[in-house]
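Below: the structure, in structure tokens.
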There are 2 protein chains.
Amino acid sequence: MEIRTLQISDQQPIISVLNEWWGGREMAHMLPALFFHHFNQTSFISEENGEMVGFLIGFLSQTHPSEVYIHFVGVHPNYRNQKIGQALYRHFFQKVQKEGRSIVRCITSPQNKDSIAYHQRMGFTICSGDALIDGIQVHTNYDGAGSDRVVFEKKL
Amino acid sequence: MEIRTLQISDQQPIISVLNEWWGGREMAHMLPALFFHHFNQTSFISEENGEMVGFLIGFLSQTHPSEVYIHFVGVHPNYRNQKIGQALYRHFFQKVQKEGRSIVRCITSPQNKDSIAYHQRMGFTICSGDALIDGIQVHTNYDGAGSDRVVFEKKL
């Protein structure tokens with residue numbers, strides 16, 4: 001497996017598999033072109049024999065100089081449980097530590113139990129929210145009306 | 001009119017008026033919380049007697065050190081043609097020039113003729129695309145399948 005920096009030319013391949021990788025959920029609108037143009041140094045593609053098998057899109061917070069944010073991570077359904085996501089996260093952590101960042105933030109949907117468990121295994125803690133859903137702290141309407149989110153933080 | 005820096009607490013007021021300000025179009029999904037948390041120094045609110053009458057959300061490109069990107073600009077429908085947008089753009093231009101940036105990028109939908117004309121009046125040029133729609137250069141599928149965009153650039 002090789003990890004390389006995201007390029008503008010990765011937009012079309014990623015957008016075209018996004019909904020399928022997310023089990024049919026409509027996700028493509030969450031990755032407009034701006035993420036492929038302006039945050040390349042902290043976004044990565046994982047390839048296996050030249051095929052894209054995973055990606056991570058993150059950026060340095062411009063408000064909080066010690067923080068970074070991971071917007072999206074995806075792994076090809078046929079390549080799961082092979083530590084591809086873990087390798088992408090670790091590559092990202094190393095990169096942003098070199099930039100002097102020490103706090104990683106990201107979110108997921110309360111429904112996405114696999115994602116919640118995954119982030120906890122990766123050392124993320126769940127930030128206190130304003131509601132408890134299935135025993136998990138949730139920020140209601142975090143991304144707008146009806147878009148509740150679980151909010152994660154990890155100190156590097 | 002006063003212009004101040006965007007705060008996290010501006011998310012709910014903005015999200016709640018967004019679709020109305022855009023004439024009923026569904027826009028709220030384009031402004032997830034991350035834009036209110038991580039790009040505050042280059043995002044601004046315009047207020048008139050304490051009421052929000054406009055906002056601009058932009059960021060410094062992390063890929064291109066001379067570039068900035070404006071993601072969203074909105075003006076209250078009752079306060080249009082009062083140069084509120086112009087003041088927000090100019091405030092942003094001044095801010096990012098101090099950060100050593102000289103190229104501003106943004107996009108709009110080909111259908112949004114008012115926005116196209118507005119950006120041209122503000123000194124933006126339209127970048128060459130891969131199609132000509134109503135005499136305007138357009139990048140087809142720029143933000144994903146079916147999401148054509150007019151791409152603007154302005155040198156400061």
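To be explicit about the labels: the chains of the structure tokens are called A, B, and onward in the order shown, and within each one the residues are counted from 1, while ligands get numbers from 1 in the order they are shown.
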Identify, on the basis of only C-alpha atoms, every residue whose closest approach to Ile3 (chain B) does not exceed 7 Å; exclude the query and any residue fewer than 2 positions from it along the same chain; express the result as a PyMOL selection string.
chain B and resi 1+44-47
Could you list, as an NGL selection string, every residue of chain B that has an atom within 6 Å of an atom of chain A, counting only C-alpha atoms?
:B and (32-33 or 38-40 or 61-63 or 143)
Could you list, as a list in words, every residue within 10 Å of region 118-121 of chain B, counting only C-alpha atoms and ignoring same-chain residues fewer than 2 positions away?
Gly85, Gln86, Cys106, Ile107, Thr108, Asn112, Lys113, Asp114, Ser115, Ile116, Gly123, Phe124, Thr125, Ile126, Phe152, Glu153 and Lys154 of chain B
Deliver the residues from the most recent selection as a file, using N, CA and C atoms, as a JSON list (two decimals), in the first residue's frame.
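Result file follows (selection29.json):
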[["chain", "number", "residue", "atom", "x", "y", "z"],
["B", 85, "GLY", "N", -22.80, 43.73, 0.32],
["B", 85, "GLY", "CA", -21.91, 42.69, -0.22],
["B", 85, "GLY", "C", -20.56, 43.28, -0.58],
["B", 86, "GLN", "N", -20.59, 44.42, -1.26],
["B", 86, "GLN", "CA", -19.34, 45.07, -1.68],
["B", 86, "GLN", "C", -18.45, 45.37, -0.47],
["B", 106, "CYS", "N", -13.53, 32.10, -6.42],
["B", 106, "CYS", "CA", -14.86, 31.71, -5.95],
["B", 106, "CYS", "C", -15.63, 31.16, -7.15],
["B", 107, "ILE", "N", -16.80, 30.62, -6.90],
["B", 107, "ILE", "CA", -17.60, 30.01, -7.96],
["B", 107, "ILE", "C", -19.06, 30.42, -7.79],
["B", 108, "THR", "N", -19.85, 30.21, -8.83],
["B", 108, "THR", "CA", -21.29, 30.34, -8.70],
["B", 108, "THR", "C", -21.95, 29.39, -9.70],
["B", 112, "ASN", "N", -27.27, 31.34, -11.95],
["B", 112, "ASN", "CA", -27.35, 32.53, -11.09],
["B", 112, "ASN", "C", -26.78, 33.75, -11.81],
["B", 113, "LYS", "N", -27.57, 34.27, -12.75],
["B", 113, "LYS", "CA", -27.12, 35.39, -13.60],
["B", 113, "LYS", "C", -26.77, 36.62, -12.77],
["B", 114, "ASP", "N", -27.55, 36.86, -11.71],
["B", 114, "ASP", "CA", -27.28, 38.02, -10.85],
["B", 114, "ASP", "C", -25.90, 37.91, -10.21],
["B", 115, "SER", "N", -25.58, 36.69, -9.75],
["B", 115, "SER", "CA", -24.29, 36.48, -9.11],
["B", 115, "SER", "C", -23.15, 36.64, -10.11],
["B", 116, "ILE", "N", -23.36, 36.14, -11.33],
["B", 116, "ILE", "CA", -22.31, 36.28, -12.37],
["B", 116, "ILE", "C", -22.06, 37.76, -12.65],
["B", 123, "GLY", "N", -15.02, 43.05, -10.21],
["B", 123, "GLY", "CA", -13.68, 42.92, -10.76],
["B", 123, "GLY", "C", -13.18, 41.50, -10.91],
["B", 124, "PHE", "N", -14.07, 40.53, -10.71],
["B", 124, "PHE", "CA", -13.69, 39.13, -10.95],
["B", 124, "PHE", "C", -13.75, 38.85, -12.45],
["B", 125, "THR", "N", -12.83, 38.01, -12.93],
["B", 125, "THR", "CA", -12.90, 37.53, -14.31],
["B", 125, "THR", "C", -13.35, 36.07, -14.29],
["B", 126, "ILE", "N", -13.98, 35.67, -15.39],
["B", 126, "ILE", "CA", -14.47, 34.29, -15.50],
["B", 126, "ILE", "C", -13.38, 33.43, -16.12],
["B", 152, "PHE", "N", -14.59, 31.96, -10.93],
["B", 152, "PHE", "CA", -14.08, 33.33, -10.96],
["B", 152, "PHE", "C", -12.70, 33.43, -10.33],
["B", 153, "GLU", "N", -11.99, 34.46, -10.81],
["B", 153, "GLU", "CA", -10.68, 34.78, -10.24],
["B", 153, "GLU", "C", -10.54, 36.29, -10.19],
["B", 154, "LYS", "N", -9.93, 36.79, -9.15],
["B", 154, "LYS", "CA", -9.64, 38.22, -9.08],
["B", 154, "LYS", "C", -8.25, 38.41, -8.49]]
Between CA of Gly54 (chain A) and CA of Gly146 (chain B), what is the distance, to one decimal in Å?
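If I compute the distance from CA of Gly54 (chain A) to CA of Gly146 (chain B), I get 24.4 Å.
The nearest approach to Asp10 (chain A) among the residues A:Leu88, A:Leu156, A:Ile103, A:Ile57, with only C-alpha atoms taken into account, belongs to A:Ile57.
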Length of the CA of Thr5 (chain B) to CA of Leu18 (chain B) vector [Å]
18.5 Å
What are the DSSP alpha helix (DSSP H) residues of chain A, as a ChimeraX atom specification?
/A:11-21,34-38,84-98,113-121
Can you work out the spacing between CA of Gly135 (chain A) and CA of Asp148 (chain A) in Å, to one decimal?
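Straight-line distance from CA of Gly135 (chain A) to CA of Asp148 (chain A) works out to 14.4 Å.
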